[in-house]
file protein_32.csv (CSV, C-alpha atoms)
chain,number,residue,atom,x,y,z
B,110,MET,CA,0.0,0.0,0.0
B,111,ASP,CA,2.9,2.4,0.8
B,112,ALA,CA,4.2,1.8,-2.8
B,113,LEU,CA,0.8,2.8,-4.2
B,114,ILE,CA,0.7,6.0,-2.1
B,115,ASP,CA,4.2,6.9,-3.4
B,116,LEU,CA,3.0,6.3,-6.9
B,117,LEU,CA,-0.2,8.4,-6.7
B,118,PRO,CA,1.2,11.2,-8.9
B,119,GLU,CA,2.1,8.7,-11.6
B,120,LEU,CA,-1.3,7.1,-11.3
B,121,TRP,CA,-3.1,10.4,-11.8
B,122,THR,CA,-0.8,11.2,-14.7
B,123,ALA,CA,-1.5,7.8,-16.3
B,124,THR,CA,-5.3,8.3,-15.8
B,125,TYR,CA,-5.1,11.6,-17.6
B,126,GLU,CA,-3.1,10.0,-20.4
B,127,THR,CA,-5.7,7.3,-20.8
B,128,LEU,CA,-8.5,9.8,-20.9
B,129,TYR,CA,-6.6,11.9,-23.5
B,130,ILE,CA,-5.8,8.9,-25.7
B,131,VAL,CA,-9.3,7.5,-25.6
B,132,ALA,CA,-10.9,11.0,-26.2
B,133,MET,CA,-8.7,11.7,-29.2
B,134,THR,CA,-9.2,8.2,-30.7
B,135,LEU,CA,-12.9,8.3,-30.1
B,136,PHE,CA,-13.1,11.6,-31.9
B,137,PHE,CA,-11.0,10.7,-34.9
B,138,GLY,CA,-11.9,7.0,-35.0
B,139,GLY,CA,-15.6,7.8,-34.4
B,140,LEU,CA,-15.6,10.4,-37.2
B,141,GLY,CA,-13.8,8.0,-39.6
B,142,GLY,CA,-16.1,5.2,-38.7
B,143,LEU,CA,-19.2,7.4,-39.2
B,144,LEU,CA,-18.0,8.4,-42.7
B,145,VAL,CA,-17.1,4.8,-43.7
B,146,GLY,CA,-20.3,3.4,-42.2
B,147,LEU,CA,-22.4,6.0,-44.0
B,148,GLY,CA,-20.5,5.1,-47.2
B,149,LEU,CA,-21.4,1.4,-46.7
B,150,TYR,CA,-25.0,2.1,-46.0
B,151,LEU,CA,-25.5,4.7,-48.8
B,152,THR,CA,-23.8,2.7,-51.6
B,153,ARG,CA,-25.3,-0.7,-50.9
B,154,ALA,CA,-27.8,-2.2,-53.3
B,155,GLY,CA,-31.1,-0.4,-53.2
B,156,SER,CA,-29.9,2.5,-51.1
B,157,ILE,CA,-30.1,6.2,-52.0
B,158,LEU,CA,-26.6,6.5,-53.5
B,159,GLU,CA,-26.3,2.9,-54.8
B,160,ASN,CA,-22.7,2.3,-56.1
B,161,LYS,CA,-21.8,-1.4,-56.2
B,162,PRO,CA,-18.1,-1.0,-57.0
B,163,LEU,CA,-17.6,1.5,-54.2
B,164,PHE,CA,-19.6,-0.7,-51.7
B,165,PHE,CA,-17.5,-3.7,-52.7
B,166,VAL,CA,-14.2,-1.8,-52.0
B,167,LEU,CA,-15.4,-0.4,-48.7
B,168,ASN,CA,-16.9,-3.7,-47.6
B,169,LEU,CA,-13.7,-5.5,-48.5
B,170,LEU,CA,-11.5,-3.0,-46.6
B,171,VAL,CA,-13.6,-3.2,-43.5
B,172,ASN,CA,-13.7,-7.0,-43.6
B,173,PHE,CA,-9.9,-7.1,-44.2
B,174,ILE,CA,-8.9,-4.9,-41.3
B,175,ARG,CA,-11.5,-5.4,-38.6
B,176,PRO,CA,-10.6,-9.1,-37.7
B,177,ILE,CA,-6.9,-8.4,-37.2
B,178,PRO,CA,-6.0,-8.7,-33.5
B,179,PHE,CA,-5.1,-5.3,-32.1
B,180,ILE,CA,-1.7,-6.3,-30.8
B,181,ILE,CA,-0.7,-7.5,-34.3
B,182,PHE,CA,-2.3,-4.4,-35.9
B,183,LEU,CA,-0.1,-2.2,-33.6
B,184,ALA,CA,3.0,-3.8,-35.0
B,185,ALA,CA,1.8,-3.9,-38.6
B,186,ALA,CA,0.7,-0.3,-38.6
B,187,GLN,CA,3.9,1.0,-36.9
B,188,PRO,CA,5.6,2.1,-40.2
B,189,LEU,CA,2.5,4.0,-41.3
B,190,ALA,CA,2.2,5.6,-37.8
B,191,ARG,CA,5.9,6.6,-38.1
B,192,ALA,CA,5.3,8.1,-41.5
B,193,VAL,CA,2.3,10.1,-40.3
B,194,THR,CA,3.3,11.2,-36.8
B,195,GLY,CA,7.1,11.0,-37.1
B,196,SER,CA,7.4,8.3,-34.5
B,197,GLY,CA,6.4,4.6,-34.2
B,198,ILE,CA,6.0,4.8,-30.4
B,199,GLY,CA,4.5,7.3,-28.0
B,200,ASN,CA,1.0,8.6,-27.5
B,201,ASN,CA,0.7,10.3,-30.9
B,202,ALA,CA,1.6,7.1,-32.7
B,203,ILE,CA,-0.8,5.2,-30.4
B,204,ILE,CA,-3.6,7.6,-31.0
B,205,PHE,CA,-3.2,7.3,-34.8
B,206,THR,CA,-3.1,3.5,-34.7
B,207,ILE,CA,-6.0,3.1,-32.4
B,208,ALA,CA,-8.1,5.6,-34.3
B,209,LEU,CA,-7.3,3.8,-37.6
B,210,ALA,CA,-8.4,0.4,-36.1
B,211,ALA,CA,-11.4,1.9,-34.4
B,212,SER,CA,-12.6,3.5,-37.7
B,213,PHE,CA,-13.2,0.2,-39.3
B,214,ALA,CA,-14.7,-1.4,-36.2
B,215,MET,CA,-17.0,1.5,-35.8
B,216,ALA,CA,-17.9,1.6,-39.5
B,217,ARG,CA,-19.6,-1.8,-39.3
B,218,ILE,CA,-21.5,-0.8,-36.2
B,219,VAL,CA,-22.7,2.4,-37.9
B,220,GLU,CA,-23.8,0.5,-40.9
B,221,GLN,CA,-25.8,-2.1,-38.9
B,222,ASN,CA,-27.4,0.7,-36.8
B,223,LEU,CA,-28.4,2.6,-39.9
B,224,LEU,CA,-30.0,-0.5,-41.4
B,225,THR,CA,-32.5,-0.5,-38.4
B,226,VAL,CA,-34.1,2.7,-39.8
B,227,THR,CA,-37.4,1.8,-41.3
B,228,PRO,CA,-37.1,2.0,-45.1
B,229,GLY,CA,-40.6,3.7,-45.3
B,230,VAL,CA,-39.2,6.7,-43.5
B,231,ILE,CA,-36.5,7.1,-46.2
B,232,ASP,CA,-39.0,6.5,-49.0
B,233,ALA,CA,-41.4,9.2,-47.5
B,234,ALA,CA,-38.6,11.7,-47.4
B,235,ARG,CA,-37.6,10.9,-51.0
B,236,SER,CA,-41.2,11.2,-52.2
B,237,VAL,CA,-41.4,14.8,-51.0
B,238,GLY,CA,-38.2,15.7,-52.9
B,239,ALA,CA,-35.6,15.5,-50.2
B,240,GLY,CA,-32.1,15.1,-51.5
B,241,PRO,CA,-29.4,12.7,-50.1
B,242,ILE,CA,-27.8,15.3,-47.9
B,243,ARG,CA,-31.1,16.3,-46.4
B,244,ILE,CA,-32.2,12.7,-45.8
B,245,ILE,CA,-28.9,11.9,-44.1
B,246,PHE,CA,-29.0,14.8,-41.6
B,247,THR,CA,-32.7,15.2,-41.0
B,248,VAL,CA,-34.0,11.6,-41.3
B,249,LEU,CA,-31.3,8.9,-41.3
B,250,LEU,CA,-29.0,10.0,-38.5
B,251,PRO,CA,-31.8,11.3,-36.2
B,252,GLU,CA,-33.7,8.1,-36.6
B,253,ALA,CA,-30.7,6.0,-35.7
B,254,LEU,CA,-29.4,8.2,-33.0
B,255,GLY,CA,-30.2,6.0,-30.0
B,256,PRO,CA,-28.5,2.9,-31.4
B,257,LEU,CA,-25.6,5.0,-32.6
B,258,ILE,CA,-25.0,6.3,-29.1
B,259,LEU,CA,-25.0,2.7,-27.8
B,260,GLY,CA,-22.6,1.7,-30.5
B,261,TYR,CA,-20.2,4.6,-29.7
B,262,THR,CA,-20.4,3.7,-26.0
B,263,PHE,CA,-19.4,0.1,-26.9
B,264,ILE,CA,-16.5,1.5,-28.9
B,265,PHE,CA,-15.4,3.6,-26.0
B,266,VAL,CA,-15.0,0.5,-23.8
B,267,ALA,CA,-13.0,-1.1,-26.6
B,268,LEU,CA,-10.8,1.9,-26.9
B,269,VAL,CA,-10.0,1.8,-23.2
B,270,ASP,CA,-8.9,-1.8,-23.8
B,271,MET,CA,-6.8,-0.9,-26.8
B,272,SER,CA,-5.1,2.0,-24.9
B,273,ALA,CA,-4.2,-0.5,-22.2
B,274,VAL,CA,-2.7,-3.0,-24.7
B,275,ALA,CA,-0.8,-0.1,-26.3
B,276,GLY,CA,1.3,0.1,-23.1
B,277,TYR,CA,3.3,-2.8,-24.5
B,278,VAL,CA,4.7,-0.7,-27.3
B,279,GLY,CA,5.5,2.5,-25.5
B,280,GLY,CA,2.1,4.1,-25.1
B,281,GLY,CA,1.2,5.9,-21.9
B,282,GLY,CA,-1.9,5.5,-19.7
B,283,LEU,CA,-3.1,3.1,-17.1
B,284,GLY,CA,-2.0,0.0,-19.1
B,285,ASN,CA,1.6,1.2,-19.2
B,286,PHE,CA,1.3,2.2,-15.5
B,287,ALA,CA,0.1,-1.3,-14.5
B,288,LEU,CA,2.8,-3.0,-16.5
B,289,LEU,CA,5.7,-0.8,-15.4
B,290,TYR,CA,4.9,-0.3,-11.7
B,291,GLY,CA,2.7,-3.3,-11.0
B,292,TYR,CA,3.4,-6.4,-13.1
B,293,ARG,CA,7.2,-5.8,-13.6
B,294,GLN,CA,7.7,-4.8,-10.0
B,295,PHE,CA,5.7,-7.8,-8.7
B,296,ASN,CA,3.2,-5.4,-7.0
B,297,PRO,CA,-0.4,-6.6,-7.5
B,298,ILE,CA,-1.8,-3.8,-5.4
B,299,VAL,CA,-0.5,-1.3,-7.9
B,300,THR,CA,-1.8,-3.4,-10.8
B,301,TRP,CA,-5.3,-3.7,-9.2
B,302,ALA,CA,-5.4,0.1,-8.5
B,303,ALA,CA,-5.1,0.6,-12.3
B,304,VAL,CA,-7.7,-2.1,-13.0
B,305,LEU,CA,-10.2,-0.6,-10.6
B,306,LEU,CA,-9.8,2.9,-12.2
B,307,ILE,CA,-10.4,1.4,-15.6
B,308,ILE,CA,-13.5,-0.4,-14.3
B,309,VAL,CA,-14.9,2.9,-12.7
B,310,LEU,CA,-14.2,4.8,-15.9
B,311,VAL,CA,-15.9,2.2,-18.1
B,312,GLN,CA,-18.9,1.9,-15.8
B,313,PHE,CA,-19.4,5.7,-15.7
B,314,VAL,CA,-19.3,6.0,-19.5
B,315,GLN,CA,-21.5,2.9,-20.0
B,316,PHE,CA,-24.1,4.4,-17.6
B,317,PHE,CA,-24.0,7.8,-19.3
B,318,GLY,CA,-24.2,6.3,-22.7
B,319,ASN,CA,-27.2,4.2,-21.7
B,320,TYR,CA,-28.9,7.3,-20.3
B,321,LEU,CA,-28.3,9.3,-23.5
B,322,ALA,CA,-29.6,6.4,-25.6
B,323,ARG,CA,-32.8,6.2,-23.6
B,324,LYS,CA,-33.4,9.9,-24.0
B,325,ALA,CA,-32.8,9.7,-27.7
B,326,LEU,CA,-35.2,6.7,-28.1
B,327,ARG,CA,-38.0,8.3,-26.1
B,328,ARG,CA,-37.9,11.7,-28.0
call {"tool": "encode", "arguments": {"input": "protein_32.csv", "output": "structure tokens"}}
result
Amino acid sequence: MDALIDLLPELWTATYETLYIVAMTLFFGGLGGLLVGLGLYLTRAGSILENKPLFFVLNLLVNFIRPIPFIIFLAAAQPLARAVTGSGIGNNAIIFTIALAASFAMARIVEQNLLTVTPGVIDAARSVGAGPIRIIFTVLLPEALGPLILGYTFIFVALVDMSAVAGYVGGGGLGNFALLYGYRQFNPIVTWAAVLLIIVLVQFVQFFGNYLARKALRR
């Protein structure tokens, strides 16, 4: 316990780093996933911007990248991360790599949630002359808002997990803290302190996400 007290400044720094990494990757990965997911939905057969070749390419890309285990993806994407961020390790490289992986995971969730929108609602909007952009922002996304919030909440939990795994390759955060000061120093109390903080963080975001989703579904 004394060791944990001595490490409290490092623990709070690691917590801040985890929140920063997850927030940045959620923003960039979530935005990328939304765009790719919309592309999958809009270009599929029978949709408002049907484009079979483009759908085939997007679908193939998502199916190719999404199943890769993240620890392997970290190593495989390191040259690309180095080219984009200037370094293959560190928080910036980790944010880039996690955001890239999350984009394709989120894309499939976005597509599946958009498919729950009743086709009749889309047809009604098209019948009154609404264009694709107007349908997307005034019909499609508002109708799918509740499920999308739950999907992004699920991705948040996955991002916390990814940020912890990233501690193996020089990323900061609670994962690196648990490895450096807990596991490698044979101090389970320090390890469990990091685990409990991760659990509290995930439970808070899950509760908040469920609350927002209920509000969106009841509107």
call {"tool": "residues_around", "arguments": {"input": "protein_32.csv", "residues": "B:Asp270", "least_positions_apart": "4", "cutoff": "10 Å", "atoms": "only C-alpha atoms", "output": "list in words"}}
result
Val131, Phe179, Ile264, Phe265, Val266, Val274, Ala275, Gly284, Ile307 and Val311 of chain B
call {"tool": "atom_distance", "arguments": {"input": "protein_32.csv", "atom1": "atom CA of B:Val226", "atom2": "atom CA of B:Ser212"}}
result
21.6 Å
call {"tool": "closest_atom_pairs", "arguments": {"input": "protein_32.csv", "of": "stretch 124-212 of chain B", "to": "stretch 238-241 of chain B", "cutoff": "12 Å", "atoms": "all atoms listed in the file", "output": "tab-separated table"}}
result
residue	atom	partner	partner_atom	distance
B:Leu147	CA	B:Pro241	CA	11.4
B:Leu151	CA	B:Pro241	CA	9.0
B:Thr152	CA	B:Pro241	CA	11.6
B:Ser156	CA	B:Pro241	CA	10.3
B:Ile157	CA	B:Pro241	CA	6.8
B:Leu158	CA	B:Pro241	CA	7.6
B:Glu159	CA	B:Pro241	CA	11.3
call {"tool": "write_last_selection", "arguments": {"input": "protein_32.csv", "atoms": "C-alpha atoms", "output": "PDB file, in the frame of the given file"}}
result
ATOM      1  CA  LEU B 147     -22.400   6.000 -44.000  1.00  0.00           C
ATOM      2  CA  LEU B 151     -25.500   4.700 -48.800  1.00  0.00           C
ATOM      3  CA  THR B 152     -23.800   2.700 -51.600  1.00  0.00           C
ATOM      4  CA  SER B 156     -29.900   2.500 -51.100  1.00  0.00           C
ATOM      5  CA  ILE B 157     -30.100   6.200 -52.000  1.00  0.00           C
ATOM      6  CA  LEU B 158     -26.600   6.500 -53.500  1.00  0.00           C
ATOM      7  CA  GLU B 159     -26.300   2.900 -54.800  1.00  0.00           C
TER       8      GLU B 159
END
call {"tool": "residues_around", "arguments": {"input": "protein_32.csv", "residues": "B:Gly199", "least_positions_apart": "6", "cutoff": "12 Å", "atoms": "all atoms listed in the file", "output": "number ranges by chain"}}
result
B: 126, 130, 183, 187, 190-191, 205-206, 272, 275-282, 285
call {"tool": "closest_residue", "arguments": {"input": "protein_32.csv", "among": "B:Ala211, B:Leu189, B:Gly146, B:Pro297", "to": "B:Leu224", "atoms": "only C-alpha atoms"}}
result
B:Gly146
call {"tool": "axis_aligned_box", "arguments": {"input": "protein_32.csv", "around": "stretch 113-118 of chain B", "padding_each_side": "5 Å", "output": "lines of an AutoDock Vina configuration file"}}
result
center_x = 2.0
center_y = 7.0
center_z = -5.5
size_x = 14.4
size_y = 18.4
size_z = 16.8
call {"tool": "residues_around", "arguments": {"input": "protein_32.csv", "residues": "B:Asp115", "least_positions_apart": "6", "cutoff": "12 Å", "atoms": "only C-alpha atoms", "output": "ChimeraX atom specification"}}
result
/B:121,290,299
call {"tool": "atom_distance", "arguments": {"input": "protein_32.csv", "atom1": "atom CA of B:Asn296", "atom2": "atom CA of B:Ile198"}}
result
25.7 Å
